$ cat coords-v8.csv   # CSV, C-alpha atoms and all ligand atoms
chain,number,residue,atom,x,y,z
A,9,ASN,CA,0.0,0.0,0.0
A,10,LEU,CA,1.5,3.3,-1.1
A,11,PRO,CA,1.4,6.2,1.4
A,12,LYS,CA,-1.2,8.9,1.0
A,13,VAL,CA,0.5,12.1,-0.1
A,14,ALA,CA,-0.4,15.8,0.6
A,15,TRP,CA,1.4,18.2,-1.7
A,16,ILE,CA,1.7,21.9,-0.9
A,17,GLY,CA,3.0,24.3,-3.6
A,18,LEU,CA,2.1,23.5,-7.2
A,19,GLY,CA,4.3,26.0,-9.1
A,20,ILE,CA,6.8,25.5,-11.9
A,21,MET,CA,8.4,22.5,-10.0
A,22,GLY,CA,5.6,21.3,-7.8
A,23,SER,CA,3.0,20.8,-10.6
A,24,PRO,CA,5.1,18.3,-12.7
A,25,MET,CA,6.6,16.6,-9.7
A,26,SER,CA,3.2,15.9,-8.1
A,27,GLU,CA,2.0,14.6,-11.4
A,28,ASN,CA,4.9,12.2,-11.5
A,29,LEU,CA,3.7,10.8,-8.1
A,30,ILE,CA,0.2,10.4,-9.5
A,31,LYS,CA,1.6,8.6,-12.5
A,32,ALA,CA,3.5,6.3,-10.1
A,33,GLY,CA,0.2,5.3,-8.4
A,34,TYR,CA,0.2,7.6,-5.4
A,35,GLN,CA,-3.0,9.3,-4.2
A,36,VAL,CA,-2.1,13.0,-4.1
A,37,THR,CA,-4.1,15.7,-2.4
A,38,GLY,CA,-2.8,19.2,-3.2
A,39,PHE,CA,-3.1,22.8,-2.1
A,40,THR,CA,-1.5,25.9,-3.6
A,41,LEU,CA,-2.5,29.6,-4.0
A,42,GLU,CA,-3.4,29.6,-7.7
A,43,ARG,CA,-6.8,28.2,-8.7
A,44,GLU,CA,-5.7,27.0,-12.1
A,45,LYS,CA,-2.9,24.9,-10.6
A,46,LEU,CA,-5.4,23.1,-8.4
A,47,ASP,CA,-7.5,22.5,-11.5
A,48,ARG,CA,-4.5,21.1,-13.3
A,49,LEU,CA,-3.8,18.7,-10.3
A,50,ALA,CA,-7.4,17.5,-10.4
A,51,ALA,CA,-7.2,17.0,-14.2
A,52,ALA,CA,-4.1,14.9,-13.7
A,53,GLY,CA,-5.9,12.6,-11.3
A,54,GLY,CA,-5.1,14.3,-7.9
A,55,THR,CA,-7.5,15.9,-5.4
A,56,ALA,CA,-7.6,19.6,-4.9
A,57,ALA,CA,-8.0,20.7,-1.3
A,58,GLY,CA,-9.4,23.9,-0.1
A,59,SER,CA,-6.8,24.5,2.6
A,60,ILE,CA,-3.5,23.2,4.0
A,61,ALA,CA,-5.4,21.6,6.9
A,62,GLU,CA,-7.7,19.7,4.6
A,63,ALA,CA,-4.8,18.6,2.4
A,64,VAL,CA,-2.6,17.2,5.2
A,65,ARG,CA,-5.2,15.8,7.6
A,66,ASP,CA,-5.1,12.2,6.3
A,67,ALA,CA,-1.6,12.2,4.8
A,68,ASP,CA,1.2,9.8,5.6
A,69,VAL,CA,3.7,11.9,3.7
A,70,ILE,CA,3.5,15.7,3.2
A,71,VAL,CA,5.6,17.3,0.5
A,72,THR,CA,6.2,21.0,0.3
A,73,MET,CA,7.6,22.9,-2.7
A,74,VAL,CA,7.2,26.7,-2.1
A,75,PRO,CA,9.5,29.6,-2.9
A,76,ALA,CA,11.5,30.4,0.3
A,77,SER,CA,11.9,30.2,4.1
A,78,PRO,CA,9.1,32.7,4.8
A,79,GLN,CA,6.6,30.6,2.8
A,80,VAL,CA,7.8,27.4,4.5
A,81,GLU,CA,7.3,29.0,7.9
A,82,ALA,CA,3.9,30.3,6.9
A,83,ILE,CA,2.6,26.9,5.8
A,84,ALA,CA,4.2,24.9,8.6
A,85,TYR,CA,3.4,27.0,11.7
A,86,GLY,CA,0.2,28.5,13.1
A,87,PRO,CA,-3.3,27.2,13.7
A,88,ASP,CA,-3.9,26.6,10.0
A,89,GLY,CA,-0.5,25.1,9.3
A,90,ILE,CA,0.9,21.7,8.6
A,91,LEU,CA,2.2,20.9,12.1
A,92,GLU,CA,-1.1,21.7,13.8
A,93,ASN,CA,-3.1,19.6,11.3
A,94,ALA,CA,-0.9,16.7,10.3
A,95,ARG,CA,-1.4,13.4,12.0
A,96,SER,CA,1.3,12.3,14.5
A,97,GLY,CA,3.8,10.0,12.8
A,98,ALA,CA,3.5,11.8,9.4
A,99,LEU,CA,6.6,12.5,7.4
A,100,LEU,CA,7.1,16.0,6.1
A,101,VAL,CA,9.5,16.2,3.1
A,102,ASP,CA,10.3,19.9,2.4
A,103,MET,CA,11.7,20.1,-1.1
A,104,SER,CA,11.8,24.0,-1.2
A,105,SER,CA,15.3,25.6,-1.3
A,106,ILE,CA,15.5,27.5,2.0
A,107,THR,CA,18.1,28.4,4.6
A,108,PRO,CA,19.7,25.4,6.4
A,109,GLN,CA,18.7,27.0,9.8
A,110,THR,CA,15.0,27.1,8.8
A,111,SER,CA,15.2,23.3,8.1
A,112,VAL,CA,16.9,22.6,11.4
A,113,ASP,CA,14.3,24.7,13.3
A,114,LEU,CA,11.4,23.1,11.4
A,115,ALA,CA,12.6,19.6,12.3
A,116,LYS,CA,12.9,20.5,15.9
A,117,ALA,CA,9.4,22.1,16.1
A,118,ALA,CA,7.9,19.2,14.2
A,119,LYS,CA,9.4,16.6,16.5
A,120,GLU,CA,7.3,18.1,19.4
A,121,LYS,CA,4.2,17.3,17.3
A,122,GLY,CA,5.4,13.8,16.4
A,123,VAL,CA,6.1,14.8,12.8
A,124,ARG,CA,9.3,13.7,11.2
A,125,VAL,CA,11.1,16.0,8.7
A,126,LEU,CA,13.5,15.7,5.8
A,127,ASP,CA,14.9,18.6,4.0
A,128,ALA,CA,15.1,17.5,0.3
A,129,PRO,CA,15.8,20.3,-2.1
A,130,VAL,CA,16.3,19.5,-5.7
A,131,SER,CA,18.4,20.4,-8.7
A,132,GLY,CA,17.6,19.8,-12.4
A,133,GLY,CA,15.2,22.6,-13.2
A,134,GLU,CA,11.8,22.4,-14.7
A,135,ALA,CA,13.0,19.9,-17.3
A,136,GLY,CA,14.4,17.6,-14.6
A,137,ALA,CA,11.1,17.9,-12.7
A,138,ILE,CA,9.0,16.9,-15.8
A,139,GLU,CA,11.3,14.0,-16.7
A,140,ALA,CA,11.6,12.8,-13.1
A,141,VAL,CA,15.4,13.0,-13.2
A,142,LEU,CA,16.1,15.5,-10.4
A,143,SER,CA,19.1,15.3,-8.2
A,144,ILE,CA,17.7,15.3,-4.6
A,145,MET,CA,19.9,16.3,-1.7
A,146,VAL,CA,18.5,15.2,1.6
A,147,GLY,CA,19.1,16.1,5.2
A,148,GLY,CA,17.6,14.2,8.2
A,149,GLU,CA,17.5,10.7,9.7
A,150,GLN,CA,18.5,7.6,7.8
A,151,ALA,CA,15.3,5.7,8.7
A,152,ASP,CA,13.2,8.6,7.3
A,153,PHE,CA,15.3,8.8,4.2
A,154,ASP,CA,14.8,5.0,3.7
A,155,GLU,CA,11.0,5.4,4.1
A,156,ALA,CA,10.9,8.3,1.6
A,157,GLN,CA,13.2,6.7,-0.9
A,158,PRO,CA,10.5,5.0,-3.1
A,159,LEU,CA,8.6,8.2,-3.4
A,160,LEU,CA,11.7,10.2,-4.2
A,161,GLU,CA,12.6,7.7,-6.9
A,162,ALA,CA,9.4,8.7,-8.6
A,163,LEU,CA,10.7,12.3,-8.8
A,164,GLY,CA,14.4,12.0,-9.3
A,165,LYS,CA,17.4,9.9,-10.4
A,166,THR,CA,20.2,10.9,-7.9
A,167,LEU,CA,19.0,10.7,-4.3
A,168,VAL,CA,21.6,11.2,-1.6
A,169,LEU,CA,21.3,11.5,2.2
A,170,CYS,CA,23.9,14.2,2.8
A,171,GLY,CA,23.8,14.3,6.7
A,172,PRO,CA,21.6,15.6,9.5
A,173,HIS,CA,18.8,18.1,9.2
A,174,GLY,CA,19.8,21.1,7.1
A,175,SER,CA,22.6,19.3,5.2
A,176,GLY,CA,20.4,18.9,2.1
A,177,GLN,CA,20.0,22.7,2.1
A,178,THR,CA,23.7,23.3,2.6
A,179,VAL,CA,24.4,21.1,-0.5
A,180,LYS,CA,21.7,22.9,-2.5
A,181,ALA,CA,23.2,26.3,-1.6
A,182,ALA,CA,26.5,25.0,-3.0
A,183,ASN,CA,24.6,23.8,-6.1
A,184,GLN,CA,23.2,27.3,-6.6
A,185,LEU,CA,26.6,28.9,-6.2
A,186,ILE,CA,28.1,26.6,-8.9
A,187,VAL,CA,25.1,27.2,-11.3
A,188,ALA,CA,25.2,31.0,-11.0
A,189,VAL,CA,28.9,31.2,-11.5
A,190,ASN,CA,28.6,28.8,-14.5
A,191,ILE,CA,25.8,30.8,-16.1
A,192,GLN,CA,27.8,34.1,-15.6
A,193,ALA,CA,30.9,32.5,-17.2
A,194,CYS,CA,28.8,31.3,-20.2
A,195,ALA,CA,27.1,34.7,-20.5
A,196,GLU,CA,30.5,36.5,-20.6
A,197,ALA,CA,31.7,34.0,-23.3
A,198,VAL,CA,28.5,34.6,-25.4
A,199,VAL,CA,29.0,38.4,-25.4
A,200,PHE,CA,32.7,38.0,-26.2
A,201,LEU,CA,32.1,35.6,-29.0
A,202,GLU,CA,29.3,37.7,-30.6
A,203,LYS,CA,31.4,40.9,-30.4
A,204,SER,CA,34.2,39.0,-32.0
A,205,GLY,CA,32.0,38.1,-35.0
A,206,VAL,CA,32.1,34.3,-34.4
A,207,ASP,CA,29.0,32.2,-35.2
A,208,LEU,CA,27.5,31.7,-31.8
A,209,LYS,CA,25.7,28.5,-32.4
A,210,ALA,CA,28.8,26.8,-33.9
A,211,ALA,CA,31.0,28.1,-31.0
A,212,LEU,CA,28.6,26.9,-28.3
A,213,ASP,CA,28.3,23.5,-30.0
A,214,VAL,CA,32.0,22.9,-30.0
A,215,LEU,CA,32.5,24.4,-26.5
A,216,GLY,CA,29.8,22.0,-25.2
A,217,GLY,CA,31.9,19.0,-26.4
A,218,GLY,CA,35.0,20.0,-24.5
A,219,LEU,CA,36.1,20.7,-20.9
A,220,ALA,CA,34.0,23.9,-21.0
A,221,GLY,CA,30.9,21.8,-21.6
A,222,SER,CA,28.4,21.6,-18.7
A,223,THR,CA,24.8,20.8,-17.9
A,224,VAL,CA,24.3,24.6,-17.5
A,225,LEU,CA,25.7,25.3,-21.0
A,226,ALA,CA,23.7,22.4,-22.6
A,227,ARG,CA,20.4,23.5,-20.9
A,228,LYS,CA,20.8,27.2,-21.4
A,229,LYS,CA,22.3,27.3,-24.9
A,230,ASP,CA,18.9,27.8,-26.6
A,231,ASN,CA,18.0,30.6,-24.1
A,232,PHE,CA,21.2,32.4,-25.0
A,233,LEU,CA,20.8,31.9,-28.8
A,234,ALA,CA,17.2,33.0,-28.9
A,235,ARG,CA,17.5,35.6,-26.0
A,236,ASP,CA,14.5,33.6,-24.6
A,237,PHE,CA,14.4,34.4,-20.9
A,238,LYS,CA,11.0,32.9,-20.0
A,239,PRO,CA,11.5,31.0,-16.7
A,240,GLY,CA,12.6,28.2,-15.9
A,241,PHE,CA,14.2,29.4,-12.8
A,242,ARG,CA,13.5,33.0,-11.9
A,243,ILE,CA,16.2,35.5,-11.1
A,244,ASP,CA,14.2,36.3,-7.9
A,245,LEU,CA,14.7,32.8,-6.7
A,246,HIS,CA,18.4,32.7,-7.6
A,247,HIS,CA,18.8,36.0,-5.7
A,248,LYS,CA,17.3,34.3,-2.7
A,249,ASP,CA,19.7,31.4,-3.1
A,250,MET,CA,22.8,33.6,-3.4
A,251,GLY,CA,21.7,35.2,-0.2
A,252,ILE,CA,21.5,31.8,1.5
A,253,VAL,CA,24.9,30.6,0.2
A,254,THR,CA,26.7,33.9,1.1
A,255,ASP,CA,25.3,33.9,4.6
A,256,ALA,CA,26.0,30.2,5.2
A,257,ALA,CA,29.5,30.6,3.9
A,258,ARG,CA,30.2,33.6,6.1
A,259,ASN,CA,28.9,31.7,9.1
A,260,VAL,CA,31.5,29.0,8.6
A,261,GLY,CA,34.3,31.3,7.4
A,262,ALA,CA,34.4,30.0,3.8
A,263,ALA,CA,35.5,32.6,1.2
A,264,LEU,CA,33.3,33.1,-1.9
A,265,PRO,CA,35.2,35.8,-3.8
A,266,VAL,CA,33.7,35.0,-7.2
A,267,GLY,CA,30.3,33.9,-5.8
A,268,ALA,CA,30.0,37.3,-4.0
A,269,VAL,CA,30.5,39.2,-7.2
A,270,VAL,CA,28.0,37.0,-9.1
A,271,ALA,CA,25.5,37.5,-6.2
A,272,GLN,CA,25.8,41.2,-6.9
A,273,LEU,CA,25.2,40.7,-10.6
A,274,VAL,CA,22.1,38.7,-9.8
A,275,ALA,CA,20.9,41.4,-7.4
A,276,SER,CA,21.6,44.1,-10.1
A,277,LEU,CA,19.4,42.3,-12.6
A,278,ARG,CA,16.6,42.2,-10.1
A,279,ALA,CA,17.0,45.9,-9.3
A,280,GLN,CA,16.6,46.6,-13.0
A,281,GLY,CA,13.2,44.8,-13.1
A,282,ASP,CA,14.4,41.5,-14.5
A,283,GLY,CA,13.6,39.4,-11.4
A,284,GLY,CA,10.8,37.5,-13.2
A,285,LEU,CA,13.1,36.3,-16.0
A,286,ASP,CA,15.0,33.0,-16.2
A,287,HIS,CA,18.5,33.1,-14.6
A,288,SER,CA,20.0,32.8,-18.1
A,289,ALA,CA,19.1,36.5,-18.3
A,290,LEU,CA,22.5,37.1,-16.5
A,291,LEU,CA,23.4,37.5,-20.2
A,292,ARG,CA,21.5,40.8,-20.2
A,293,GLY,CA,23.6,42.1,-17.4
A,294,VAL,CA,26.8,41.3,-19.3
A,295,GLU,CA,25.4,42.9,-22.4
A,296,ARG,CA,24.6,46.1,-20.5
A,297,LEU,CA,28.1,46.2,-19.0
A,298,SER,CA,29.4,45.7,-22.6
A,299,GLY,CA,27.3,48.5,-24.0
A,300,ALA,CA,25.4,46.1,-26.2
A,401,LIG,P1,6.9,28.9,-8.1
A,401,LIG,O1,6.9,30.3,-7.7
A,401,LIG,O2,6.6,28.5,-9.6
A,401,LIG,O3,5.9,28.0,-7.2
A,401,LIG,C1,5.7,28.2,-5.9
A,401,LIG,C2,4.4,27.6,-5.5
A,401,LIG,O4,4.2,27.8,-4.0
A,401,LIG,C3,3.2,28.4,-6.1
A,401,LIG,O5,2.3,27.5,-6.7
A,401,LIG,C4,2.5,29.1,-4.9
A,401,LIG,O6,1.1,29.1,-5.0
A,401,LIG,C5,2.9,28.1,-3.8
A,401,LIG,N1,2.8,28.8,-2.5
A,401,LIG,C6,3.5,29.9,-2.0
A,401,LIG,N2,3.0,30.3,-0.8
A,401,LIG,C7,2.1,29.4,-0.5
A,401,LIG,C8,1.3,29.2,0.7
A,401,LIG,N3,1.3,30.1,1.7
A,401,LIG,N4,0.4,28.2,0.7
A,401,LIG,C9,0.3,27.3,-0.4
A,401,LIG,N5,1.1,27.4,-1.5
A,401,LIG,C10,1.9,28.5,-1.5
A,401,LIG,O7,8.4,28.3,-7.7
A,401,LIG,P2,9.2,27.1,-8.3
A,401,LIG,O8,10.0,27.5,-9.4
A,401,LIG,O9,8.3,25.9,-8.4
A,401,LIG,O10,10.2,26.8,-7.0
A,401,LIG,C11,9.8,26.2,-5.8
A,401,LIG,C12,11.1,25.9,-5.0
A,401,LIG,O11,11.9,25.0,-5.7
A,401,LIG,C13,11.9,27.2,-4.7
A,401,LIG,O12,12.5,27.1,-3.4
A,401,LIG,C14,13.0,27.1,-5.7
A,401,LIG,O13,14.2,27.8,-5.3
A,401,LIG,C15,13.2,25.6,-5.9
A,401,LIG,N6,13.7,25.1,-7.2
A,401,LIG,C16,13.2,25.6,-8.4
A,401,LIG,C17,13.7,25.2,-9.6
A,401,LIG,C18,13.3,25.7,-10.9
A,401,LIG,O14,13.9,25.5,-11.9
A,401,LIG,N7,12.1,26.4,-11.0
A,401,LIG,C19,14.7,24.2,-9.6
A,401,LIG,C20,15.2,23.7,-8.4
A,401,LIG,C21,14.7,24.2,-7.2

$ encode --input "coords-v8.csv" --output "structure tokens"
Amino acid sequence: NLPKVAWIGLGIMGSPMSENLIKAGYQVTGFTLEREKLDRLAAAGGTAAGSIAEAVRDADVIVTMVPASPQVEAIAYGPDGILENARSGALLVDMSSITPQTSVDLAKAAKEKGVRVLDAPVSGGEAGAIEAVLSIMVGGEQADFDEAQPLLEALGKTLVLCGPHGSGQTVKAANQLIVAVNIQACAEAVVFLEKSGVDLKAALDVLGGGLAGSTVLARKKDNFLARDFKPGFRIDLHHKDMGIVTDAARNVGAALPVGAVVAQLVASLRAQGDGGLDHSALLRGVERLSGA
């Protein structure tokens, strides 16, 4: 018998991920803020709930996929929240990318209610969510990870327990650092190549086959070529993640000299009104700096 799942947060990631669980045979009851996303869940074979309380009441596993720490706190705590309404013994799998400390605090508060928690943020983007090939970085107890594993296998391909509560978030923060720096490097190369008069598609094709190749380059190549910055992964969310990684690194005394600069470039795009664009729009920032 598969566990009953409640899913909170049906956005760019949560919608296709919850649909993959339905395809794998799970009963999924969902709640999110947008009516049309609830209709989409129902059309895919899930059940739309009218509130968090209603969604989580009978659930064995509660998955959350919302933007950031404040939203996780809003849905977890308070009289209408998850902890007050989940049954004792339920497992809460928070897949949002949030500060490691928020995950640690959540696990502690949940324990008092008899709810177990895993932090399980993901990498792989919208495409990885749709294709169920996400990389899932987990923090928490081994027994809870073992219990969640079959469900996580319906969502992703690489599932790793990284350590105690918060460790999944720490690894995700490192992921976001690597991705942002990589996009920035690619964006600088794109502007350099174009200004040099080289055919950009040919250049990116051959670069992709060598040591400069990366998942970032492969996935973002078409965005760069077409200047298509429809998200994907919004600059606003990457701004949030650069804040998480720079804070966490400062706390442990790790230097991020390049990461700190890229965090500023992400912040600058946001300040210029590009927060709703895909993070490949770092290219716009390089173009502005280059007078293009
Ligand atoms: P999104 O903005 O598309 O979706 C967020 C969803 O959360 C929305 O459906 C919204 O209704 C819901 N939500 C917010 N507050 C809520 C509340 N109080 N109650 C119920 N629902 C609420 O965001 P996304 O792109 O799906 O990202 C979700 C998380 O996954 C973020 O932490 C992000 O950093 C992370 N992430 C995103 C990607 C990506 O490529 N988009 C990749 C990896 C990780």

$ atom_distance --input "coords-v8.csv" --atom1 "atom CA of Thr40 of chain A" --atom2 "atom C7 of ligand LIG 401 (chain A)"
5.9 Å

$ residues_near_ligand --input "coords-v8.csv" --ligand "ligand LIG 401 (chain A)" --cutoff "8 Å" --atoms "all atoms listed in the file" --output "ChimeraX atom specification"
/A:16-23,39-42,45,60,73-76,79-80,82-83,103-106,129-135,137,239-242,245-246,248-249

$ closest_residue --input "coords-v8.csv" --among "A:Ile191, A:Leu99, A:Ala275, A:Leu91" --to "Val224 of chain A" --atoms "only C-alpha atoms"
A:Ile191

$ atom_distance --input "coords-v8.csv" --atom1 "atom CA of Ala56 of chain A" --atom2 "atom CA of Asn28 of chain A"
16.0 Å

$ residues_around --input "coords-v8.csv" --residues "Leu49 of chain A" --least-positions-apart "5" --cutoff "8 Å" --atoms "all atoms listed in the file" --output "PDB file with C-alpha atoms, keeping the file's coordinate frame"
ATOM      1  CA  SER A  23       3.000  20.800 -10.600  1.00  0.00           C
ATOM      2  CA  SER A  26       3.200  15.900  -8.100  1.00  0.00           C
ATOM      3  CA  GLU A  27       2.000  14.600 -11.400  1.00  0.00           C
ATOM      4  CA  GLY A  38      -2.800  19.200  -3.200  1.00  0.00           C
ATOM      5  CA  GLY A  54      -5.100  14.300  -7.900  1.00  0.00           C
ATOM      6  CA  THR A  55      -7.500  15.900  -5.400  1.00  0.00           C
ATOM      7  CA  ALA A  56      -7.600  19.600  -4.900  1.00  0.00           C
TER       8      ALA A  56
END

$ residues_around --input "coords-v8.csv" --residues "Ser96 of chain A" --least-positions-apart "3" --cutoff "8 Å" --atoms "all atoms listed in the file" --output "list in words"
Lys121, Gly122 and Val123 of chain A

$ residues_around --input "coords-v8.csv" --residues "Ala98 of chain A" --least-positions-apart "3" --cutoff "7 Å" --atoms "all atoms listed in the file" --output "number ranges by chain"
A: 67-69, 94-95, 123-124

$ residues_around --input "coords-v8.csv" --residues "Gly293 of chain A" --least-positions-apart "5" --cutoff "8 Å" --atoms "only C-alpha atoms" --output "mmCIF file with C-alpha atoms, in the coordinates of the input"
data_model
loop_
_atom_site.group_PDB
_atom_site.id
_atom_site.type_symbol
_atom_site.label_atom_id
_atom_site.label_comp_id
_atom_site.auth_asym_id
_atom_site.auth_seq_id
_atom_site.Cartn_x
_atom_site.Cartn_y
_atom_site.Cartn_z
ATOM 1 C CA LEU A 273 25.200 40.700 -10.600
ATOM 2 C CA SER A 276 21.600 44.100 -10.100
ATOM 3 C CA LEU A 277 19.400 42.300 -12.600
#

$ atom_distance --input "coords-v8.csv" --atom1 "atom CA of Pro108 of chain A" --atom2 "atom CA of Asn259 of chain A"
11.5 Å

$ residues_near_point --input "coords-v8.csv" --point "(28.3, 31.5, -17.3)" --cutoff "12 Å" --atoms "all atoms listed in the file" --output "ChimeraX atom specification"
/A:185-200,212,220-229,232,266-267,270,273,287-294

$ write_last_selection --input "coords-v8.csv" --atoms "C-alpha atoms" --output "CSV table (one decimal), in the coordinates of the input"
chain,number,residue,atom,x,y,z
A,185,LEU,CA,26.6,28.9,-6.2
A,186,ILE,CA,28.1,26.6,-8.9
A,187,VAL,CA,25.1,27.2,-11.3
A,188,ALA,CA,25.2,31.0,-11.0
A,189,VAL,CA,28.9,31.2,-11.5
A,190,ASN,CA,28.6,28.8,-14.5
A,191,ILE,CA,25.8,30.8,-16.1
A,192,GLN,CA,27.8,34.1,-15.6
A,193,ALA,CA,30.9,32.5,-17.2
A,194,CYS,CA,28.8,31.3,-20.2
A,195,ALA,CA,27.1,34.7,-20.5
A,196,GLU,CA,30.5,36.5,-20.6
A,197,ALA,CA,31.7,34.0,-23.3
A,198,VAL,CA,28.5,34.6,-25.4
A,199,VAL,CA,29.0,38.4,-25.4
A,200,PHE,CA,32.7,38.0,-26.2
A,212,LEU,CA,28.6,26.9,-28.3
A,220,ALA,CA,34.0,23.9,-21.0
A,221,GLY,CA,30.9,21.8,-21.6
A,222,SER,CA,28.4,21.6,-18.7
A,223,THR,CA,24.8,20.8,-17.9
A,224,VAL,CA,24.3,24.6,-17.5
A,225,LEU,CA,25.7,25.3,-21.0
A,226,ALA,CA,23.7,22.4,-22.6
A,227,ARG,CA,20.4,23.5,-20.9
A,228,LYS,CA,20.8,27.2,-21.4
A,229,LYS,CA,22.3,27.3,-24.9
A,232,PHE,CA,21.2,32.4,-25.0
A,266,VAL,CA,33.7,35.0,-7.2
A,267,GLY,CA,30.3,33.9,-5.8
A,270,VAL,CA,28.0,37.0,-9.1
A,273,LEU,CA,25.2,40.7,-10.6
A,287,HIS,CA,18.5,33.1,-14.6
A,288,SER,CA,20.0,32.8,-18.1
A,289,ALA,CA,19.1,36.5,-18.3
A,290,LEU,CA,22.5,37.1,-16.5
A,291,LEU,CA,23.4,37.5,-20.2
A,292,ARG,CA,21.5,40.8,-20.2
A,293,GLY,CA,23.6,42.1,-17.4
A,294,VAL,CA,26.8,41.3,-19.3

$ residues_near_point --input "coords-v8.csv" --point "(18.3, 17.0, 1.6)" --cutoff "8 Å" --atoms "all atoms listed in the file" --output "number ranges by chain"
A: 103, 126-130, 144-148, 168-171, 173-177, 179-180

$ closest_residue --input "coords-v8.csv" --among "A:Thr37, A:Gln157, A:Ser77, A:Thr110" --to "Val64 of chain A" --atoms "all atoms listed in the file"
A:Thr37

$ closest_residue --input "coords-v8.csv" --among "A:Asp88, A:Asn183, A:Leu29, A:Gly58" --to "Arg43 of chain A" --atoms "all atoms listed in the file"
A:Gly58

$ build_atoms --input "coords-v8.csv" --residues "segment 163-177 of chain A" --atoms "N, CA and C atoms" --output "tab-separated table (two decimals), keeping the file's coordinate frame"
chain	number	residue	atom	x	y	z
A	163	LEU	N	10.49	10.87	-8.45
A	163	LEU	CA	10.70	12.30	-8.80
A	163	LEU	C	12.10	12.57	-9.32
A	164	GLY	N	13.04	11.72	-8.96
A	164	GLY	CA	14.40	12.00	-9.30
A	164	GLY	C	15.25	10.79	-9.59
A	165	LYS	N	16.50	11.03	-9.97
A	165	LYS	CA	17.40	9.90	-10.40
A	165	LYS	C	18.54	9.78	-9.38
A	166	THR	N	19.04	10.91	-8.86
A	166	THR	CA	20.20	10.90	-7.90
A	166	THR	C	19.68	11.30	-6.56
A	167	LEU	N	19.57	10.36	-5.63
A	167	LEU	CA	19.00	10.70	-4.30
A	167	LEU	C	20.14	10.39	-3.30
A	168	VAL	N	20.52	11.40	-2.53
A	168	VAL	CA	21.60	11.20	-1.60
A	168	VAL	C	21.27	11.80	-0.23
A	169	LEU	N	21.42	10.99	0.83
A	169	LEU	CA	21.30	11.50	2.20
A	169	LEU	C	22.67	12.15	2.51
A	170	CYS	N	22.66	13.48	2.70
A	170	CYS	CA	23.90	14.20	2.80
A	170	CYS	C	24.36	14.34	4.30
A	171	GLY	N	23.45	14.11	5.25
A	171	GLY	CA	23.80	14.30	6.70
A	171	GLY	C	22.56	14.65	7.45
A	172	PRO	N	22.75	15.24	8.65
A	172	PRO	CA	21.60	15.60	9.50
A	172	PRO	C	20.77	16.74	8.93
A	173	HIS	N	19.68	17.07	9.62
A	173	HIS	CA	18.80	18.10	9.20
A	173	HIS	C	19.54	19.38	8.76
A	174	GLY	N	19.18	19.94	7.63
A	174	GLY	CA	19.80	21.10	7.10
A	174	GLY	C	20.93	20.83	6.10
A	175	SER	N	21.46	19.60	6.13
A	175	SER	CA	22.60	19.30	5.20
A	175	SER	C	22.15	19.31	3.75
A	176	GLY	N	20.93	18.88	3.49
A	176	GLY	CA	20.40	18.90	2.10
A	176	GLY	C	20.43	20.36	1.62
A	177	GLN	N	20.00	21.28	2.49
A	177	GLN	CA	20.00	22.70	2.10
A	177	GLN	C	21.37	23.27	1.92
